[in-house]
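Listing of entry.pdb, PDB, C-alpha atoms
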ATOM      1  CA  MET A   1     -57.429 -72.915  18.804
ATOM      2  CA  PHE A   2     -57.116 -69.149  19.057
ATOM      3  CA  ILE A   3     -59.340 -66.287  20.165
ATOM      4  CA  LEU A   4     -58.732 -62.537  20.166
ATOM      5  CA  ILE A   5     -58.965 -60.907  23.618
ATOM      6  CA  ASP A   6     -57.986 -57.251  24.102
ATOM      7  CA  ASN A   7     -56.147 -57.378  20.759
ATOM      8  CA  LEU A   8     -54.084 -60.350  21.944
ATOM      9  CA  LYS A   9     -54.220 -63.698  20.178
ATOM     10  CA  ILE A  10     -54.841 -66.273  22.910
ATOM     11  CA  ASN A  11     -54.234 -69.990  22.592
ATOM     12  CA  TYR A  12     -56.781 -72.204  24.357
ATOM     13  CA  GLU A  13     -58.387 -75.640  24.301
ATOM     14  CA  LYS A  14     -62.034 -76.475  24.923
ATOM     15  CA  GLU A  15     -62.924 -80.122  25.411
ATOM     16  CA  GLY A  16     -65.973 -82.119  26.394
ATOM     17  CA  SER A  17     -69.655 -81.674  25.666
ATOM     18  CA  GLU A  18     -70.849 -78.108  25.066
ATOM     19  CA  LYS A  19     -74.322 -79.193  26.210
ATOM     20  CA  THR A  20     -73.215 -79.467  29.833
ATOM     21  CA  GLU A  21     -73.398 -76.449  32.135
ATOM     22  CA  LYS A  22     -70.520 -77.780  34.248
ATOM     23  CA  ILE A  23     -67.427 -75.764  33.342
ATOM     24  CA  PHE A  24     -63.949 -76.608  34.603
ATOM     25  CA  VAL A  25     -61.339 -73.875  33.960
ATOM     26  CA  LEU A  26     -57.648 -74.703  34.452
ATOM     27  CA  LEU A  27     -54.975 -72.036  34.989
ATOM     28  CA  HIS A  28     -51.277 -72.888  34.681
ATOM     29  CA  GLY A  29     -48.272 -71.568  36.597
ATOM     30  CA  TRP A  30     -45.338 -69.302  35.773
ATOM     31  CA  GLN A  31     -43.413 -70.136  32.584
ATOM     32  CA  ASP A  32     -45.866 -72.958  31.927
ATOM     33  CA  ASN A  33     -48.704 -73.515  29.457
ATOM     34  CA  LEU A  34     -52.017 -75.303  28.949
ATOM     35  CA  LYS A  35     -50.315 -78.614  28.108
ATOM     36  CA  ARG A  36     -49.630 -79.012  31.821
ATOM     37  CA  TRP A  37     -53.251 -80.136  32.232
ATOM     38  CA  ASP A  38     -53.391 -82.817  29.536
ATOM     39  CA  PHE A  39     -53.864 -85.537  32.142
ATOM     40  CA  ILE A  40     -56.833 -83.807  33.768
ATOM     41  CA  SER A  41     -58.558 -83.347  30.425
ATOM     42  CA  SER A  42     -58.437 -87.045  29.645
ATOM     43  CA  ASP A  43     -59.427 -88.170  33.147
ATOM     44  CA  PHE A  44     -62.422 -85.879  33.638
ATOM     45  CA  PHE A  45     -64.515 -86.561  30.542
ATOM     46  CA  VAL A  46     -66.325 -89.295  32.474
ATOM     47  CA  ASP A  47     -67.957 -86.573  34.575
ATOM     48  CA  ASN A  48     -69.282 -84.746  31.494
ATOM     49  CA  TYR A  49     -67.474 -81.520  32.195
ATOM     50  CA  GLN A  50     -66.596 -78.959  29.616
ATOM     51  CA  ILE A  51     -62.912 -78.367  30.264
ATOM     52  CA  ILE A  52     -61.261 -75.109  29.279
ATOM     53  CA  ARG A  53     -57.550 -74.414  29.537
ATOM     54  CA  LEU A  54     -55.538 -71.563  28.120
ATOM     55  CA  ASP A  55     -52.084 -70.077  27.735
ATOM     56  CA  PHE A  56     -51.857 -66.878  29.746
ATOM     57  CA  PRO A  57     -50.691 -63.839  27.721
ATOM     58  CA  GLY A  58     -46.915 -64.025  27.485
ATOM     59  CA  PHE A  59     -46.812 -67.829  27.855
ATOM     60  CA  GLY A  60     -47.158 -70.798  25.540
ATOM     61  CA  PHE A  61     -48.536 -69.756  22.144
ATOM     62  CA  SER A  62     -50.433 -66.682  23.370
ATOM     63  CA  ASP A  63     -49.342 -63.159  22.496
ATOM     64  CA  THR A  64     -47.333 -61.096  24.961
ATOM     65  CA  PRO A  65     -48.986 -57.950  26.370
ATOM     66  CA  LYS A  66     -47.704 -54.623  25.096
ATOM     67  CA  GLU A  67     -46.770 -53.520  28.623
ATOM     68  CA  PRO A  68     -46.055 -55.232  31.970
ATOM     69  CA  TRP A  69     -49.107 -56.765  33.679
ATOM     70  CA  ASP A  70     -49.903 -57.287  37.339
ATOM     71  CA  VAL A  71     -52.277 -59.835  38.917
ATOM     72  CA  LEU A  72     -55.314 -57.636  38.368
ATOM     73  CA  ASP A  73     -54.493 -57.322  34.655
ATOM     74  CA  TYR A  74     -54.387 -61.111  34.310
ATOM     75  CA  THR A  75     -57.604 -61.389  36.304
ATOM     76  CA  GLU A  76     -59.499 -58.916  34.137
ATOM     77  CA  PHE A  77     -58.119 -60.673  31.084
ATOM     78  CA  LEU A  78     -59.533 -63.978  32.388
ATOM     79  CA  ASN A  79     -62.916 -62.363  32.982
ATOM     80  CA  ASN A  80     -62.968 -61.009  29.428
ATOM     81  CA  PHE A  81     -61.850 -64.361  28.042
ATOM     82  CA  LEU A  82     -64.645 -66.267  29.793
ATOM     83  CA  ALA A  83     -67.239 -63.657  28.834
ATOM     84  CA  LYS A  84     -66.274 -63.956  25.175
ATOM     85  CA  LEU A  85     -66.831 -67.708  25.428
ATOM     86  CA  GLY A  86     -70.245 -67.047  26.972
ATOM     87  CA  ILE A  87     -69.257 -68.393  30.391
ATOM     88  CA  ASN A  88     -70.563 -66.258  33.222
ATOM     89  CA  ASN A  89     -71.387 -68.572  36.123
ATOM     90  CA  ASP A  90     -71.104 -72.040  37.675
ATOM     91  CA  ILE A  91     -67.349 -72.213  37.052
ATOM     92  CA  ILE A  92     -65.061 -74.622  38.854
ATOM     93  CA  LEU A  93     -61.803 -72.669  38.779
ATOM     94  CA  LEU A  94     -58.457 -74.373  39.390
ATOM     95  CA  GLY A  95     -55.209 -72.410  39.569
ATOM     96  CA  HIS A  96     -51.647 -73.572  40.136
ATOM     97  CA  SER A  97     -48.903 -71.189  41.319
ATOM     98  CA  LEU A  98     -49.354 -68.042  39.157
ATOM     99  CA  GLY A  99     -52.745 -69.440  38.156
ATOM    100  CA  GLY A 100     -53.566 -69.606  41.847
ATOM    101  CA  ARG A 101     -52.828 -65.898  42.199
ATOM    102  CA  VAL A 102     -55.250 -65.124  39.386
ATOM    103  CA  ALA A 103     -57.856 -67.541  40.777
ATOM    104  CA  ILE A 104     -57.696 -65.873  44.217
ATOM    105  CA  LYS A 105     -58.105 -62.394  42.755
ATOM    106  CA  PHE A 106     -60.897 -63.602  40.451
ATOM    107  CA  ALA A 107     -62.801 -65.254  43.314
ATOM    108  CA  SER A 108     -62.502 -62.110  45.437
ATOM    109  CA  LEU A 109     -63.869 -59.911  42.629
ATOM    110  CA  TYR A 110     -66.389 -62.233  40.956
ATOM    111  CA  PRO A 111     -67.624 -64.728  43.577
ATOM    112  CA  GLU A 112     -70.993 -65.061  41.821
ATOM    113  CA  LYS A 113     -69.310 -66.613  38.783
ATOM    114  CA  ILE A 114     -67.640 -69.458  40.695
ATOM    115  CA  SER A 115     -69.257 -72.591  42.075
ATOM    116  CA  LYS A 116     -66.024 -74.013  43.522
ATOM    117  CA  LEU A 117     -62.402 -72.914  43.771
ATOM    118  CA  ILE A 118     -59.300 -75.131  43.755
ATOM    119  CA  LEU A 119     -55.871 -73.743  44.678
ATOM    120  CA  VAL A 120     -52.823 -75.911  43.969
ATOM    121  CA  ASP A 121     -49.531 -74.765  45.543
ATOM    122  CA  SER A 122     -50.736 -71.238  44.932
ATOM    123  CA  ALA A 123     -48.469 -68.230  44.971
ATOM    124  CA  GLY A 124     -49.762 -65.030  46.505
ATOM    125  CA  ILE A 125     -48.128 -64.572  49.889
ATOM    126  CA  LYS A 126     -45.266 -62.109  49.712
ATOM    127  CA  PRO A 127     -42.201 -63.506  51.512
ATOM    128  CA  LYS A 128     -40.678 -61.486  54.314
ATOM    129  CA  LYS A 129     -37.297 -60.065  53.383
ATOM    130  CA  ASN A 130     -34.554 -60.957  55.824
ATOM    131  CA  LEU A 131     -31.592 -58.724  56.677
ATOM    132  CA  LYS A 132     -29.334 -60.402  54.132
ATOM    133  CA  CYS A 133     -31.908 -59.895  51.416
ATOM    134  CA  PHE A 134     -32.284 -56.225  52.402
ATOM    135  CA  PHE A 135     -28.510 -55.777  52.155
ATOM    136  CA  TYR A 136     -28.479 -57.162  48.613
ATOM    137  CA  PHE A 137     -31.485 -55.000  47.728
ATOM    138  CA  ILE A 138     -29.717 -51.814  48.801
ATOM    139  CA  LEU A 139     -26.568 -52.751  46.909
ATOM    140  CA  ALA A 140     -28.553 -53.740  43.821
ATOM    141  CA  LYS A 141     -30.164 -50.303  43.764
ATOM    142  CA  ILE A 142     -26.896 -48.394  44.151
ATOM    143  CA  GLY A 143     -26.013 -46.704  40.872
ATOM    144  CA  GLY A 144     -24.583 -43.391  39.814
ATOM    145  CA  VAL A 145     -21.492 -42.876  41.885
ATOM    146  CA  VAL A 146     -19.975 -46.336  42.271
ATOM    147  CA  PHE A 147     -21.548 -48.955  40.050
ATOM    148  CA  SER A 148     -21.845 -46.716  37.007
ATOM    149  CA  LEU A 149     -18.068 -46.849  36.680
ATOM    150  CA  PRO A 150     -17.033 -49.443  34.068
ATOM    151  CA  ILE A 151     -14.705 -51.229  36.461
ATOM    152  CA  PHE A 152     -17.545 -51.889  38.938
ATOM    153  CA  ARG A 153     -20.380 -52.519  36.473
ATOM    154  CA  LYS A 154     -19.967 -56.302  36.485
ATOM    155  CA  PHE A 155     -20.278 -56.372  40.283
ATOM    156  CA  ARG A 156     -23.593 -54.530  40.116
ATOM    157  CA  GLU A 157     -25.090 -57.273  37.936
ATOM    158  CA  LYS A 158     -23.795 -59.987  40.252
ATOM    159  CA  ILE A 159     -25.316 -58.224  43.258
ATOM    160  CA  LYS A 160     -28.653 -57.889  41.439
ATOM    161  CA  ALA A 161     -28.567 -61.606  40.702
ATOM    162  CA  LYS A 162     -27.899 -62.357  44.370
ATOM    163  CA  PHE A 163     -30.843 -60.194  45.389
ATOM    164  CA  TYR A 164     -33.316 -61.987  43.144
ATOM    165  CA  GLN A 165     -32.004 -65.344  44.327
ATOM    166  CA  GLN A 166     -32.522 -64.221  47.933
ATOM    167  CA  ILE A 167     -36.210 -63.458  47.335
ATOM    168  CA  ALA A 168     -36.718 -66.883  45.769
ATOM    169  CA  ALA A 169     -36.999 -65.280  42.360
ATOM    170  CA  GLU A 170     -34.409 -67.201  40.390
ATOM    171  CA  ASP A 171     -36.971 -67.522  37.585
ATOM    172  CA  TYR A 172     -36.415 -63.802  37.028
ATOM    173  CA  LEU A 173     -32.887 -64.451  35.835
ATOM    174  CA  ASN A 174     -34.111 -66.858  33.150
ATOM    175  CA  ILE A 175     -36.573 -64.445  31.514
ATOM    176  CA  SER A 176     -35.419 -62.896  28.251
ATOM    177  CA  ASN A 177     -38.540 -60.868  27.368
ATOM    178  CA  PRO A 178     -38.304 -57.459  29.133
ATOM    179  CA  ILE A 179     -42.093 -57.082  29.416
ATOM    180  CA  ILE A 180     -42.494 -60.466  31.096
ATOM    181  CA  LYS A 181     -39.496 -59.673  33.283
ATOM    182  CA  SER A 182     -41.173 -56.483  34.508
ATOM    183  CA  SER A 183     -44.470 -58.329  34.915
ATOM    184  CA  PHE A 184     -42.732 -60.869  37.140
ATOM    185  CA  LEU A 185     -41.552 -58.157  39.534
ATOM    186  CA  LYS A 186     -45.007 -56.566  39.689
ATOM    187  CA  ILE A 187     -46.655 -59.936  40.343
ATOM    188  CA  ILE A 188     -44.334 -61.260  43.068
ATOM    189  CA  ASN A 189     -44.501 -57.972  44.950
ATOM    190  CA  GLU A 190     -48.269 -58.247  45.408
ATOM    191  CA  ASP A 191     -49.581 -59.884  48.576
ATOM    192  CA  LEU A 192     -53.011 -61.505  48.173
ATOM    193  CA  GLN A 193     -53.814 -62.272  51.803
ATOM    194  CA  ASN A 194     -56.503 -59.583  51.917
ATOM    195  CA  ASP A 195     -58.029 -60.957  48.717
ATOM    196  CA  ALA A 196     -58.033 -64.466  50.175
ATOM    197  CA  GLN A 197     -59.996 -63.263  53.189
ATOM    198  CA  LYS A 198     -62.761 -62.024  50.880
ATOM    199  CA  ILE A 199     -63.337 -65.463  49.326
ATOM    200  CA  LYS A 200     -66.660 -67.032  50.281
ATOM    201  CA  ASN A 201     -66.716 -69.842  47.729
ATOM    202  CA  GLU A 202     -66.190 -73.447  48.745
ATOM    203  CA  THR A 203     -62.462 -73.963  48.285
ATOM    204  CA  LEU A 204     -60.075 -76.903  48.098
ATOM    205  CA  ILE A 205     -56.403 -76.219  48.830
ATOM    206  CA  VAL A 206     -53.995 -78.917  47.613
ATOM    207  CA  TRP A 207     -50.293 -78.618  48.466
ATOM    208  CA  GLY A 208     -47.078 -80.550  48.036
ATOM    209  CA  GLU A 209     -45.517 -81.191  51.438
ATOM    210  CA  LYS A 210     -41.994 -80.429  50.199
ATOM    211  CA  ASP A 211     -42.758 -77.441  47.997
ATOM    212  CA  LYS A 212     -39.765 -75.085  48.043
ATOM    213  CA  GLU A 213     -41.229 -72.413  45.744
ATOM    214  CA  THR A 214     -44.463 -71.807  47.634
ATOM    215  CA  PRO A 215     -43.727 -73.358  51.043
ATOM    216  CA  LEU A 216     -46.260 -75.421  52.972
ATOM    217  CA  LYS A 217     -46.691 -72.687  55.586
ATOM    218  CA  ASP A 218     -48.428 -70.617  52.890
ATOM    219  CA  ALA A 219     -51.053 -73.342  52.558
ATOM    220  CA  PHE A 220     -51.971 -72.980  56.218
ATOM    221  CA  VAL A 221     -52.248 -69.196  55.819
ATOM    222  CA  PHE A 222     -54.679 -69.563  52.915
ATOM    223  CA  HIS A 223     -56.612 -72.245  54.809
ATOM    224  CA  LYS A 224     -56.954 -69.891  57.770
ATOM    225  CA  PHE A 225     -58.060 -66.900  55.701
ATOM    226  CA  ILE A 226     -60.477 -68.724  53.378
ATOM    227  CA  LYS A 227     -63.201 -69.694  55.817
ATOM    228  CA  ASN A 228     -65.017 -72.206  53.631
ATOM    229  CA  SER A 229     -61.901 -74.207  52.723
ATOM    230  CA  GLU A 230     -60.375 -77.617  53.205
ATOM    231  CA  LEU A 231     -56.671 -78.459  52.989
ATOM    232  CA  ARG A 232     -55.145 -81.609  51.517
ATOM    233  CA  ILE A 233     -51.371 -82.093  51.836
ATOM    234  CA  ILE A 234     -49.658 -84.513  49.470
ATOM    235  CA  LYS A 235     -46.679 -86.077  51.218
ATOM    236  CA  ASP A 236     -43.297 -86.333  49.494
ATOM    237  CA  ALA A 237     -44.490 -84.017  46.705
ATOM    238  CA  GLY A 238     -43.051 -80.684  45.618
ATOM    239  CA  HIS A 239     -44.379 -77.669  43.736
ATOM    240  CA  LEU A 240     -45.943 -79.927  41.100
ATOM    241  CA  PRO A 241     -47.836 -82.474  43.227
ATOM    242  CA  PHE A 242     -49.943 -83.558  40.246
ATOM    243  CA  LEU A 243     -46.745 -84.947  38.698
ATOM    244  CA  ASN A 244     -45.333 -86.517  41.853
ATOM    245  CA  LYS A 245     -48.606 -88.077  43.057
ATOM    246  CA  LYS A 246     -51.069 -87.952  40.168
ATOM    247  CA  GLU A 247     -53.549 -90.524  41.493
ATOM    248  CA  GLU A 248     -53.749 -88.946  44.933
ATOM    249  CA  PHE A 249     -54.125 -85.494  43.404
ATOM    250  CA  LEU A 250     -56.989 -86.586  41.160
ATOM    251  CA  LYS A 251     -58.691 -88.343  44.065
ATOM    252  CA  TYR A 252     -58.820 -85.097  46.059
ATOM    253  CA  ILE A 253     -60.099 -83.149  43.035
ATOM    254  CA  ASN A 254     -62.789 -85.730  42.226
ATOM    255  CA  ASN A 255     -64.021 -86.001  45.806
ATOM    256  CA  PHE A 256     -64.231 -82.238  46.161
ATOM    257  CA  ILE A 257     -66.146 -81.725  42.926
ATOM    258  CA  LYS A 258     -68.595 -84.570  43.465
ATOM    259  CA  LYS A 259     -69.511 -83.946  47.113
TER     260      LYS A 259
END
Now that the file is in, can you turn its structure into structure tokens?
Amino acid sequence: MFILIDNLKINYEKEGSEKTEKIFVLLHGWQDNLKRWDFISSDFFVDNYQIIRLDFPGFGFSDTPKEPWDVLDYTEFLNNFLAKLGINNDIILLGHSLGGRVAIKFASLYPEKISKLILVDSAGIKPKKNLKCFFYFILAKIGGVVFSLPIFRKFREKIKAKFYQQIAAEDYLNISNPIIKSSFLKIINEDLQNDAQKIKNETLIVWGEKDKETPLKDAFVFHKFIKNSELRIIKDAGHLPFLNKKEEFLKYINNFIKK
């Protein structure tokens, strides 16, 4: 179904009994959509939750923003979306990757609206640039004198590609929409460690042991900064632990929600 938020048509699904006050909101990752959570929707009806999942603006079947967005823009959008649905408190908020970024920012700004927070292989810690990466960055930014010449133009694009690969941003190279491309750069350049330290809500952090996109060391950073948190590591799982180890993932989620 669709709803209009800030003049954007947003695709979302709402399942379960509307009589329950228990709301479970699911946020997907980069270049993903609400279908990612089909398995959670079917498995959680037994607990009488109202489950809400959505396509972020620029993903799935939702409209693309008119200009590049950062994490705060997506967070304020989420707040407006929930308010329009009449949801203002007692939310269990789960975010994966990009959705984790938004969930962290949301929890830091609106703690009174959340009963529990779940972060799954969340992005949000800006990687340190090594010397090699810095070298590519400088070359990628060189224009005018050298790389503006037709004979060198192709090398400039190759160097840019190398730079984005060095900062673990290969997804950037696969984005065709210029607004989403600019949004990507704004989002990955924001470090959310300070926001994480503001979170007071009870939090579950679930992480794939072999995640290469958001490495396991980030999980320990979030666990350290979010005082009221517990960490569950899923062995032999990557960035999508709910695909690699679905039963184990659901066990952690169920235990956390029910306790």
Select, from A:Arg101, A:Lys198, A:Lys126, A:Arg53, the residue with the minimum atom-to-atom distance to Arg36 of chain A, counting all atoms listed in the file.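 The closest residue to Arg36 of chain A is A:Arg53.
Only residues having an atom at most 12 Å from (-62.4, -57.6, 42.3) are included; using all atoms listed in the file, these are Val71, Leu72, Asp73, Tyr74, Thr75, Glu76, Asn79, Val102, Ala103, Ile104, Lys105, Phe106, Ala107, Ser108, Leu109, Tyr110, Pro111, Glu112, Lys113, Leu192, Asn194, Asp195, Ala196, Lys198 and Ile199 of chain A.
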Please, could you write that set of residues out with C-alpha atoms as an mmCIF file, in the coordinates of the input?
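The resulting file, again-v6.cif, is shown below:
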data_model
loop_
_atom_site.group_PDB
_atom_site.id
_atom_site.type_symbol
_atom_site.label_atom_id
_atom_site.label_comp_id
_atom_site.auth_asym_id
_atom_site.auth_seq_id
_atom_site.Cartn_x
_atom_site.Cartn_y
_atom_site.Cartn_z
ATOM 1 C CA VAL A 71 -52.277 -59.835 38.917
ATOM 2 C CA LEU A 72 -55.314 -57.636 38.368
ATOM 3 C CA ASP A 73 -54.493 -57.322 34.655
ATOM 4 C CA TYR A 74 -54.387 -61.111 34.310
ATOM 5 C CA THR A 75 -57.604 -61.389 36.304
ATOM 6 C CA GLU A 76 -59.499 -58.916 34.137
ATOM 7 C CA ASN A 79 -62.916 -62.363 32.982
ATOM 8 C CA VAL A 102 -55.250 -65.124 39.386
ATOM 9 C CA ALA A 103 -57.856 -67.541 40.777
ATOM 10 C CA ILE A 104 -57.696 -65.873 44.217
ATOM 11 C CA LYS A 105 -58.105 -62.394 42.755
ATOM 12 C CA PHE A 106 -60.897 -63.602 40.451
ATOM 13 C CA ALA A 107 -62.801 -65.254 43.314
ATOM 14 C CA SER A 108 -62.502 -62.110 45.437
ATOM 15 C CA LEU A 109 -63.869 -59.911 42.629
ATOM 16 C CA TYR A 110 -66.389 -62.233 40.956
ATOM 17 C CA PRO A 111 -67.624 -64.728 43.577
ATOM 18 C CA GLU A 112 -70.993 -65.061 41.821
ATOM 19 C CA LYS A 113 -69.310 -66.613 38.783
ATOM 20 C CA LEU A 192 -53.011 -61.505 48.173
ATOM 21 C CA ASN A 194 -56.503 -59.583 51.917
ATOM 22 C CA ASP A 195 -58.029 -60.957 48.717
ATOM 23 C CA ALA A 196 -58.033 -64.466 50.175
ATOM 24 C CA LYS A 198 -62.761 -62.024 50.880
ATOM 25 C CA ILE A 199 -63.337 -65.463 49.326
#
Atom CA of Phe256 of chain A to atom CA of Ala123 of chain A, distance in Å rounded to a single decimal: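 That distance, rounded to one decimal, is 21.1 Å.
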Residue nearest Leu204 of chain A among A:Glu13, A:Asp191, A:Glu67, A:Glu230 (counting only C-alpha atoms):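 Between A:Glu13, A:Asp191, A:Glu67, A:Glu230, the residue approaching Leu204 of chain A most closely is A:Glu230.
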Would you be able to write out as a PyMOL selection string which residues have an atom within 12 Å of (-52.4, -82.5, 52.6) in the file's coordinates, counting all atoms listed in the file? chain A and resi 120-121+204-211+216-217+219-220+223+230-238+241+245+248-249+252
Counting all atoms listed in the file, the option among A:Lys116, A:His96, A:Lys200, A:Lys186 closest to Phe242 of chain A: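 Using all atoms listed in the file, Phe242 of chain A sits closest to A:His96.
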What is the atom CA of Leu27 of chain A-atom CA of Gly124 of chain A distance in Å, reported with one decimal?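 Computed distance, atom CA of Leu27 of chain A to atom CA of Gly124 of chain A, equals 14.5 Å.
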For a test of reading the model, state the distance in Å between atom CA of Phe61 of chain A and atom CA of Tyr12 of chain A, rounded to one decimal.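 Atom CA of Phe61 of chain A sits 8.9 Å away from atom CA of Tyr12 of chain A.
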So, with all atoms listed in the file as the atoms that count, which of A:Thr64, A:Ser17, A:Asn80, A:Asn48 lies closest to Ile5 of chain A? A:Asn80
